[in-house]
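The file coords-v6.pdb contains PDB, C-alpha atoms, pLDDT in the B column:
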```
ATOM      1  CA  MET A   1     124.644-148.119   5.408  1.00 78.00           C
ATOM      2  CA  ALA A   2     128.383-148.617   5.569  1.00 82.00           C
ATOM      3  CA  GLN A   3     129.979-151.852   4.497  1.00 87.00           C
ATOM      4  CA  HIS A   4     132.716-153.153   6.759  1.00 89.00           C
ATOM      5  CA  ASP A   5     134.828-156.015   5.460  1.00 91.00           C
ATOM      6  CA  VAL A   6     137.333-158.061   7.408  1.00 93.00           C
ATOM      7  CA  GLU A   7     139.794-160.459   5.802  1.00 94.00           C
ATOM      8  CA  ILE A   8     141.324-162.938   8.220  1.00 95.00           C
ATOM      9  CA  THR A   9     144.172-165.203   7.193  1.00 96.00           C
ATOM     10  CA  ILE A  10     145.180-167.965   9.597  1.00 96.00           C
ATOM     11  CA  SER A  11     148.616-169.198   8.582  1.00 95.00           C
ATOM     12  CA  ARG A  12     149.653-172.839   8.898  1.00 92.00           C
ATOM     13  CA  THR A  13     151.638-171.903  12.005  1.00 90.00           C
ATOM     14  CA  GLY A  14     148.594-170.276  13.611  1.00 90.00           C
ATOM     15  CA  ASP A  15     149.657-166.652  13.185  1.00 93.00           C
ATOM     16  CA  VAL A  16     146.762-164.489  12.084  1.00 95.00           C
ATOM     17  CA  LYS A  17     146.681-161.573   9.668  1.00 94.00           C
ATOM     18  CA  VAL A  18     143.620-159.349   9.986  1.00 93.00           C
ATOM     19  CA  HIS A  19     142.769-156.755   7.359  1.00 92.00           C
ATOM     20  CA  VAL A  20     139.904-154.418   8.228  1.00 90.00           C
ATOM     21  CA  LYS A  21     138.443-152.601   5.235  1.00 88.00           C
ATOM     22  CA  GLY A  22     135.829-149.892   4.993  1.00 85.00           C
ATOM     23  CA  ALA A  23     135.952-148.793   8.609  1.00 81.00           C
ATOM     24  CA  GLN A  24     137.649-145.547   9.507  1.00 77.00           C
ATOM     25  CA  GLY A  25     139.205-144.091  12.615  1.00 77.00           C
ATOM     26  CA  LYS A  26     137.685-145.281  15.866  1.00 81.00           C
ATOM     27  CA  ALA A  27     135.507-147.860  14.133  1.00 82.00           C
ATOM     28  CA  CYS A  28     138.628-149.462  12.758  1.00 84.00           C
ATOM     29  CA  LEU A  29     140.238-149.466  16.194  1.00 85.00           C
ATOM     30  CA  GLU A  30     137.129-151.079  17.692  1.00 88.00           C
ATOM     31  CA  TYR A  31     137.485-154.006  15.288  1.00 89.00           C
ATOM     32  CA  ALA A  32     141.231-154.258  15.907  1.00 89.00           C
ATOM     33  CA  LYS A  33     140.737-154.263  19.672  1.00 90.00           C
ATOM     34  CA  TRP A  34     137.992-156.861  19.535  1.00 92.00           C
ATOM     35  CA  LEU A  35     139.898-159.247  17.250  1.00 92.00           C
ATOM     36  CA  THR A  36     143.054-158.897  19.343  1.00 93.00           C
ATOM     37  CA  LYS A  37     141.046-159.929  22.396  1.00 92.00           C
ATOM     38  CA  VAL A  38     139.655-162.940  20.523  1.00 93.00           C
ATOM     39  CA  ILE A  39     142.900-164.153  18.952  1.00 93.00           C
ATOM     40  CA  GLY A  40     145.930-163.204  21.014  1.00 90.00           C
ATOM     41  CA  LYS A  41     148.807-160.758  21.057  1.00 91.00           C
ATOM     42  CA  VAL A  42     149.639-158.016  18.541  1.00 91.00           C
ATOM     43  CA  LYS A  43     152.892-158.668  16.689  1.00 89.00           C
ATOM     44  CA  ASP A  44     152.513-155.812  14.227  1.00 87.00           C
ATOM     45  CA  GLN A  45     149.931-153.222  13.227  1.00 87.00           C
ATOM     46  CA  GLN A  46     149.875-150.893  10.243  1.00 82.00           C
ATOM     47  CA  MET A  47     147.369-148.109   9.650  1.00 78.00           C
ATOM     48  CA  THR A  48     146.573-147.397   6.041  1.00 73.00           C
ATOM     49  CA  SER A  49     145.329-144.165   4.497  1.00 67.00           C
ATOM     50  CA  GLU A  50     141.650-144.930   5.114  1.00 62.00           C
ATOM     51  CA  PHE A  51     142.234-144.960   8.830  1.00 59.00           C
ATOM     52  CA  TYR A  52     142.905-141.225   8.724  1.00 63.00           C
ATOM     53  CA  GLU A  53     139.842-140.339   6.609  1.00 64.00           C
ATOM     54  CA  PRO A  54     136.978-138.527   8.365  1.00 63.00           C
ATOM     55  CA  GLU A  55     134.478-140.874   9.919  1.00 59.00           C
ATOM     56  CA  VAL A  56     130.923-140.972   8.668  1.00 56.00           C
ATOM     57  CA  LYS A  57     129.786-142.157  12.070  1.00 53.00           C
ATOM     58  CA  ALA A  58     131.587-141.703  15.378  1.00 46.00           C
ATOM     59  CA  ARG A  59     131.752-145.399  16.227  1.00 54.00           C
ATOM     60  CA  ILE A  60     130.374-148.747  15.271  1.00 59.00           C
ATOM     61  CA  ASP A  61     129.487-150.185  18.585  1.00 60.00           C
ATOM     62  CA  LEU A  62     130.146-153.893  18.765  1.00 64.00           C
ATOM     63  CA  HIS A  63     128.907-153.833  22.355  1.00 61.00           C
ATOM     64  CA  GLN A  64     125.644-152.220  21.339  1.00 55.00           C
ATOM     65  CA  ASP A  65     124.686-155.316  19.379  1.00 56.00           C
ATOM     66  CA  LEU A  66     125.414-157.464  22.374  1.00 47.00           C
ATOM     67  CA  ARG A  67     123.185-155.304  24.589  1.00 50.00           C
ATOM     68  CA  VAL A  68     120.346-155.519  22.072  1.00 46.00           C
ATOM     69  CA  LYS A  69     120.712-159.307  22.029  1.00 48.00           C
ATOM     70  CA  ASP A  70     120.786-159.427  25.815  1.00 49.00           C
ATOM     71  CA  ASP A  71     117.605-157.373  25.996  1.00 50.00           C
ATOM     72  CA  GLU A  72     115.863-159.697  23.572  1.00 50.00           C
ATOM     73  CA  THR A  73     116.675-162.778  25.609  1.00 44.00           C
TER      74      THR A  73
ATOM     75  CA  MET B   1     141.971-149.941   3.356  1.00 46.00           C
ATOM     76  CA  SER B   2     142.212-149.145   7.022  1.00 75.00           C
ATOM     77  CA  THR B   3     144.365-151.367   9.136  1.00 85.00           C
ATOM     78  CA  VAL B   4     146.381-154.539   8.951  1.00 90.00           C
ATOM     79  CA  LEU B   5     147.099-156.473  12.138  1.00 90.00           C
ATOM     80  CA  ILE B   6     149.425-159.395  12.649  1.00 93.00           C
ATOM     81  CA  LEU B   7     148.470-161.413  15.714  1.00 93.00           C
ATOM     82  CA  ALA B   8     150.191-164.249  17.562  1.00 93.00           C
ATOM     83  CA  PRO B   9     147.638-166.781  18.798  1.00 92.00           C
ATOM     84  CA  VAL B  10     147.018-167.355  22.487  1.00 91.00           C
ATOM     85  CA  ILE B  11     145.260-170.576  23.419  1.00 90.00           C
ATOM     86  CA  ILE B  12     143.357-170.189  26.650  1.00 88.00           C
ATOM     87  CA  SER B  13     140.330-172.393  26.820  1.00 87.00           C
ATOM     88  CA  SER B  14     138.575-175.247  28.498  1.00 86.00           C
ATOM     89  CA  TRP B  15     139.615-178.791  27.673  1.00 86.00           C
ATOM     90  CA  PRO B  16     136.643-179.639  25.396  1.00 86.00           C
ATOM     91  CA  ALA B  17     137.498-176.793  22.996  1.00 89.00           C
ATOM     92  CA  ILE B  18     141.150-177.853  22.873  1.00 89.00           C
ATOM     93  CA  ALA B  19     140.205-181.508  22.449  1.00 89.00           C
ATOM     94  CA  ALA B  20     137.936-180.533  19.533  1.00 91.00           C
ATOM     95  CA  ALA B  21     140.798-178.641  17.879  1.00 92.00           C
ATOM     96  CA  ALA B  22     143.104-181.631  18.485  1.00 92.00           C
ATOM     97  CA  ALA B  23     140.561-183.931  16.832  1.00 92.00           C
ATOM     98  CA  GLY B  24     140.312-181.518  13.879  1.00 93.00           C
ATOM     99  CA  ALA B  25     144.087-181.393  13.521  1.00 94.00           C
ATOM    100  CA  ALA B  26     144.256-185.188  13.781  1.00 93.00           C
ATOM    101  CA  SER B  27     141.724-185.581  11.014  1.00 92.00           C
ATOM    102  CA  ALA B  28     143.569-183.119   8.760  1.00 93.00           C
ATOM    103  CA  LEU B  29     146.880-184.914   9.268  1.00 93.00           C
ATOM    104  CA  GLY B  30     145.520-188.458   8.906  1.00 94.00           C
ATOM    105  CA  PHE B  31     145.602-189.432  12.585  1.00 93.00           C
ATOM    106  CA  THR B  32     142.782-191.324  14.223  1.00 91.00           C
ATOM    107  CA  VAL B  33     141.567-190.844  17.762  1.00 87.00           C
ATOM    108  CA  LYS B  34     142.350-193.884  19.843  1.00 80.00           C
ATOM    109  CA  GLN B  35     139.407-194.666  22.085  1.00 60.00           C
ATOM    110  CA  ALA B  36     141.232-196.626  24.734  1.00 53.00           C
ATOM    111  CA  ALA B  37     143.411-193.766  25.921  1.00 52.00           C
ATOM    112  CA  GLN B  38     144.361-195.232  29.275  1.00 54.00           C
ATOM    113  CA  GLU B  39     145.169-198.586  27.740  1.00 54.00           C
ATOM    114  CA  ALA B  40     147.346-196.954  25.114  1.00 52.00           C
ATOM    115  CA  LEU B  41     149.207-194.956  27.719  1.00 53.00           C
ATOM    116  CA  GLN B  42     149.798-197.988  29.925  1.00 56.00           C
ATOM    117  CA  GLN B  43     151.094-199.869  26.914  1.00 56.00           C
ATOM    118  CA  ASP B  44     153.238-196.875  26.065  1.00 54.00           C
ATOM    119  CA  LYS B  45     154.726-196.807  29.588  1.00 55.00           C
ATOM    120  CA  LYS B  46     155.670-200.488  29.293  1.00 56.00           C
ATOM    121  CA  THR B  47     157.557-199.906  26.072  1.00 54.00           C
ATOM    122  CA  HIS B  48     158.763-196.417  26.988  1.00 53.00           C
ATOM    123  CA  ASP B  49     162.417-197.449  27.157  1.00 55.00           C
ATOM    124  CA  THR B  50     162.537-198.821  23.650  1.00 60.00           C
ATOM    125  CA  ILE B  51     160.536-196.141  21.860  1.00 69.00           C
ATOM    126  CA  GLU B  52     161.828-192.666  21.133  1.00 76.00           C
ATOM    127  CA  ASN B  53     159.517-189.875  22.244  1.00 78.00           C
ATOM    128  CA  VAL B  54     159.434-186.088  22.037  1.00 82.00           C
ATOM    129  CA  GLU B  55     157.489-183.588  24.132  1.00 82.00           C
ATOM    130  CA  LEU B  56     156.438-180.159  22.968  1.00 81.00           C
ATOM    131  CA  GLU B  57     154.614-177.488  24.894  1.00 78.00           C
ATOM    132  CA  LEU B  58     152.219-175.171  23.099  1.00 78.00           C
ATOM    133  CA  ALA B  59     153.463-171.617  23.431  1.00 75.00           C
ATOM    134  CA  ASN B  60     150.976-169.197  24.998  1.00 74.00           C
ATOM    135  CA  SER B  61     148.578-171.928  26.000  1.00 75.00           C
ATOM    136  CA  GLU B  62     146.512-172.514  29.082  1.00 75.00           C
ATOM    137  CA  VAL B  63     143.923-175.198  29.613  1.00 75.00           C
ATOM    138  CA  LEU B  64     141.416-173.890  32.093  1.00 72.00           C
ATOM    139  CA  ALA B  65     140.880-176.267  34.964  1.00 65.00           C
ATOM    140  CA  GLN B  66     137.378-177.582  35.357  1.00 60.00           C
ATOM    141  CA  SER B  67     136.065-178.914  38.604  1.00 45.00           C
ATOM    142  CA  LEU B  68     136.279-182.687  38.811  1.00 46.00           C
ATOM    143  CA  ALA B  69     137.618-182.771  35.267  1.00 55.00           C
ATOM    144  CA  THR B  70     139.283-186.033  34.410  1.00 55.00           C
ATOM    145  CA  ASP B  71     140.653-187.598  31.267  1.00 60.00           C
ATOM    146  CA  GLN B  72     142.094-184.358  29.968  1.00 78.00           C
ATOM    147  CA  ARG B  73     144.085-186.280  27.453  1.00 86.00           C
ATOM    148  CA  ILE B  74     143.582-187.390  23.889  1.00 90.00           C
ATOM    149  CA  VAL B  75     145.564-190.148  22.181  1.00 91.00           C
ATOM    150  CA  LEU B  76     145.982-190.156  18.389  1.00 92.00           C
ATOM    151  CA  THR B  77     147.611-192.717  16.164  1.00 92.00           C
ATOM    152  CA  LYS B  78     148.827-192.958  12.590  1.00 91.00           C
ATOM    153  CA  GLY B  79     150.702-196.116  11.701  1.00 89.00           C
ATOM    154  CA  SER B  80     153.369-196.582  14.359  1.00 87.00           C
ATOM    155  CA  THR B  81     153.279-192.925  15.377  1.00 91.00           C
ATOM    156  CA  GLN B  82     151.362-191.928  18.472  1.00 92.00           C
ATOM    157  CA  ILE B  83     150.554-188.404  19.624  1.00 93.00           C
ATOM    158  CA  VAL B  84     149.262-187.605  23.098  1.00 92.00           C
ATOM    159  CA  VAL B  85     147.743-184.185  23.772  1.00 92.00           C
ATOM    160  CA  GLU B  86     147.232-183.398  27.428  1.00 89.00           C
ATOM    161  CA  ARG B  87     147.044-180.742  30.087  1.00 85.00           C
ATOM    162  CA  ASP B  88     150.215-180.740  32.139  1.00 82.00           C
ATOM    163  CA  ALA B  89     150.507-179.998  35.864  1.00 81.00           C
ATOM    164  CA  ARG B  90     150.991-176.270  35.203  1.00 81.00           C
ATOM    165  CA  GLY B  91     147.872-176.108  33.056  1.00 83.00           C
ATOM    166  CA  ARG B  92     149.751-175.825  29.776  1.00 85.00           C
ATOM    167  CA  CYS B  93     148.809-177.855  26.710  1.00 88.00           C
ATOM    168  CA  LYS B  94     151.463-180.464  25.960  1.00 90.00           C
ATOM    169  CA  VAL B  95     151.955-182.565  22.837  1.00 93.00           C
ATOM    170  CA  CYS B  96     153.991-185.756  23.056  1.00 92.00           C
ATOM    171  CA  ALA B  97     154.942-187.714  19.932  1.00 93.00           C
ATOM    172  CA  SER B  98     156.361-191.227  20.028  1.00 92.00           C
ATOM    173  CA  GLY B  99     156.873-193.994  17.545  1.00 89.00           C
ATOM    174  CA  LYS B 100     158.796-197.127  16.872  1.00 85.00           C
ATOM    175  CA  GLY B 101     161.571-196.817  14.324  1.00 85.00           C
ATOM    176  CA  LEU B 102     161.367-193.014  14.143  1.00 86.00           C
ATOM    177  CA  SER B 103     164.265-190.714  14.922  1.00 89.00           C
ATOM    178  CA  LYS B 104     164.041-187.868  17.412  1.00 90.00           C
ATOM    179  CA  THR B 105     164.174-185.366  14.542  1.00 92.00           C
ATOM    180  CA  GLN B 106     161.260-187.049  12.763  1.00 92.00           C
ATOM    181  CA  LEU B 107     159.228-187.045  15.974  1.00 92.00           C
ATOM    182  CA  GLU B 108     160.048-183.384  16.605  1.00 93.00           C
ATOM    183  CA  GLN B 109     158.811-182.556  13.114  1.00 93.00           C
ATOM    184  CA  THR B 110     155.627-184.568  13.672  1.00 93.00           C
ATOM    185  CA  ALA B 111     154.950-182.888  17.030  1.00 93.00           C
ATOM    186  CA  GLU B 112     155.665-179.439  15.569  1.00 93.00           C
ATOM    187  CA  GLN B 113     153.410-180.040  12.559  1.00 94.00           C
ATOM    188  CA  PHE B 114     150.622-181.304  14.799  1.00 94.00           C
ATOM    189  CA  THR B 115     150.983-178.377  17.214  1.00 94.00           C
ATOM    190  CA  GLN B 116     150.723-175.893  14.364  1.00 94.00           C
ATOM    191  CA  LYS B 117     147.639-177.606  12.930  1.00 94.00           C
ATOM    192  CA  LEU B 118     146.023-177.756  16.371  1.00 94.00           C
ATOM    193  CA  THR B 119     146.638-174.019  16.809  1.00 94.00           C
ATOM    194  CA  GLN B 120     145.208-173.271  13.366  1.00 95.00           C
ATOM    195  CA  CYS B 121     142.082-175.381  14.055  1.00 94.00           C
ATOM    196  CA  PHE B 122     141.589-173.793  17.475  1.00 94.00           C
ATOM    197  CA  ILE B 123     141.890-170.236  16.161  1.00 94.00           C
ATOM    198  CA  TYR B 124     139.624-171.006  13.184  1.00 95.00           C
ATOM    199  CA  ASP B 125     136.868-172.379  15.462  1.00 93.00           C
ATOM    200  CA  LYS B 126     137.155-169.471  17.862  1.00 93.00           C
ATOM    201  CA  VAL B 127     137.230-166.771  15.177  1.00 94.00           C
ATOM    202  CA  MET B 128     134.231-168.228  13.311  1.00 94.00           C
ATOM    203  CA  ARG B 129     132.222-168.476  16.524  1.00 92.00           C
ATOM    204  CA  GLU B 130     132.990-164.852  17.422  1.00 93.00           C
ATOM    205  CA  LEU B 131     132.295-163.547  13.912  1.00 93.00           C
ATOM    206  CA  LYS B 132     128.903-165.233  13.848  1.00 90.00           C
ATOM    207  CA  SER B 133     128.038-163.864  17.276  1.00 90.00           C
ATOM    208  CA  LYS B 134     128.670-160.354  15.922  1.00 88.00           C
ATOM    209  CA  SER B 135     126.429-160.906  12.871  1.00 87.00           C
ATOM    210  CA  PHE B 136     129.200-161.038  10.307  1.00 92.00           C
ATOM    211  CA  GLN B 137     128.341-162.825   7.079  1.00 93.00           C
ATOM    212  CA  VAL B 138     130.918-165.079   5.482  1.00 95.00           C
ATOM    213  CA  VAL B 139     131.557-163.827   1.933  1.00 95.00           C
ATOM    214  CA  ASN B 140     134.273-166.301   1.090  1.00 95.00           C
ATOM    215  CA  GLU B 141     136.374-168.938   2.774  1.00 95.00           C
ATOM    216  CA  GLU B 142     139.225-170.867   1.226  1.00 95.00           C
ATOM    217  CA  VAL B 143     142.281-172.936   2.022  1.00 95.00           C
ATOM    218  CA  MET B 144     145.282-171.518   0.207  1.00 95.00           C
ATOM    219  CA  GLN B 145     148.168-173.447  -1.363  1.00 94.00           C
ATOM    220  CA  ASP B 146     150.394-172.689   1.620  1.00 94.00           C
ATOM    221  CA  GLU B 147     147.735-174.333   3.877  1.00 93.00           C
ATOM    222  CA  SER B 148     146.644-171.014   5.343  1.00 96.00           C
ATOM    223  CA  ILE B 149     142.906-170.405   5.748  1.00 96.00           C
ATOM    224  CA  ARG B 150     141.503-167.156   4.383  1.00 97.00           C
ATOM    225  CA  ILE B 151     138.133-165.949   5.621  1.00 96.00           C
ATOM    226  CA  HIS B 152     136.399-162.903   4.163  1.00 96.00           C
ATOM    227  CA  VAL B 153     133.488-161.592   6.225  1.00 95.00           C
ATOM    228  CA  ARG B 154     131.175-158.589   5.896  1.00 94.00           C
ATOM    229  CA  ARG B 155     128.978-156.563   8.180  1.00 90.00           C
ATOM    230  CA  TRP B 156     126.610-153.698   7.414  1.00 88.00           C
ATOM    231  CA  VAL B 157     126.526-150.808   9.842  1.00 82.00           C
ATOM    232  CA  ASP B 158     123.917-148.004  10.032  1.00 76.00           C
TER     233      ASP B 158
END
```
Would you mind giving the structure from this file in structure tokens?
Amino acid sequence: MAQHDVEITISRTGDVKVHVKGAQGKACLEYAKWLTKVIGKVKDQQMTSEFYEPEVKARIDLHQDLRVKDDET
Amino acid sequence: MSTVLILAPVIISSWPAIAAAAAGAASALGFTVKQAAQEALQQDKKTHDTIENVELELANSEVLAQSLATDQRIVLTKGSTQIVVERDARGRCKVCASGKGLSKTQLEQTAEQFTQKLTQCFIYDKVMRELKSKSFQVVNEEVMQDESIRIHVRRWVD
């Protein structure tokens, strides 16, 4: 199992810094896209070296979890 | 490390969520929610000419209209300072600070400080709700010296 960590810092002015750790490539972009949708507009984005590492899995599907939950209900 | 994002908050929500954030901000800044909102506003209108007041609009905000929604306004007080948070005619969230014996600059600072705290509370509530819905576990959560809130969450993926 892969461990994905997210550090979110909400400044006193409301600006938000999101640091996604442990997710590579598309998985990382999935998190970034989701959190942007939740919070607001992108002011800046920096990819770090891990982003370019080969992915263990093609994608972590945030939507997949939602579908599973929907099926259960 | 993978990616670092800097995001500007956008507040688009229904009135109850914004009112909850306003109450949270009020509590953090030592304001109390005044129950008799209408009464306070009528009183405020009577003394409007003698009391300085400042209006501030929340950037990137939209209060979603609800059918038959009324009372989309919250009145907060701290000493002689009064803050009114309300949905304006265009659907934006507006913060109005007034107070006897306070200068325009002081009121602007108060309104600005309150607006920032409201935004922080709103984003915190929204982010935590979304993280929990996606099965993230909170590893650590702390308020830093600069009043920022740091949340560390984790998720295990197959």
Result set, the ChimeraX specification (/A :<10) & /B on current file, as number ranges by chain | B: 1-12, 60, 112-124, 126-127, 130-131, 133-144, 146-158
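CA of Ala97 in chain B to CA of Thr81 in chain B spans 7.1 Å [interatomic distance, one decimal].
Between CA of Cys96 in chain B and CA of Ala26 in chain B lies a distance of 13.5 Å.
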What is the distance, in Å and to one decimal place, between CA of Asn53 in chain B and CA of Arg90 in chain B?
->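 CA of Arg90 in chain B lies 20.6 Å from CA of Asn53 in chain B.
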Centre and edge lengths, as lines of an AutoDock Vina configuration file, for the axis-aligned box enclosing every listed atom of range 35-48 of chain A with 6 Å of padding on each of the six sides, in Å to one decimal?
```
center_x = 146.3
center_y = -155.8
center_z = 14.2
size_x = 25.2
size_y = 28.8
size_z = 28.4
```
Distance query Leu76 in chain B at most 6 Å, all atoms listed in the file, self and fewer than 2 positions along chain excluded, as a ChimeraX atom specification | /B:31-34,82-83
Those selected residues, please, written with C-alpha atoms and delivered as an mmCIF file, in the frame of the given file.
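File produced: result.cif:
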```
data_model
loop_
_atom_site.group_PDB
_atom_site.id
_atom_site.type_symbol
_atom_site.label_atom_id
_atom_site.label_comp_id
_atom_site.auth_asym_id
_atom_site.auth_seq_id
_atom_site.Cartn_x
_atom_site.Cartn_y
_atom_site.Cartn_z
ATOM 1 C CA PHE B 31 145.602 -189.432 12.585
ATOM 2 C CA THR B 32 142.782 -191.324 14.223
ATOM 3 C CA VAL B 33 141.567 -190.844 17.762
ATOM 4 C CA LYS B 34 142.350 -193.884 19.843
ATOM 5 C CA GLN B 82 151.362 -191.928 18.472
ATOM 6 C CA ILE B 83 150.554 -188.404 19.624
#
```
For Ala89 in chain B, list every protein, DNA or RNA residue within 12 Å, evaluated using only C-alpha atoms, and leave out those in the same chain fewer than 3 positions away; present the list as a ChimeraX atom specification.
-> /B:57,62-65,72,86,92-94
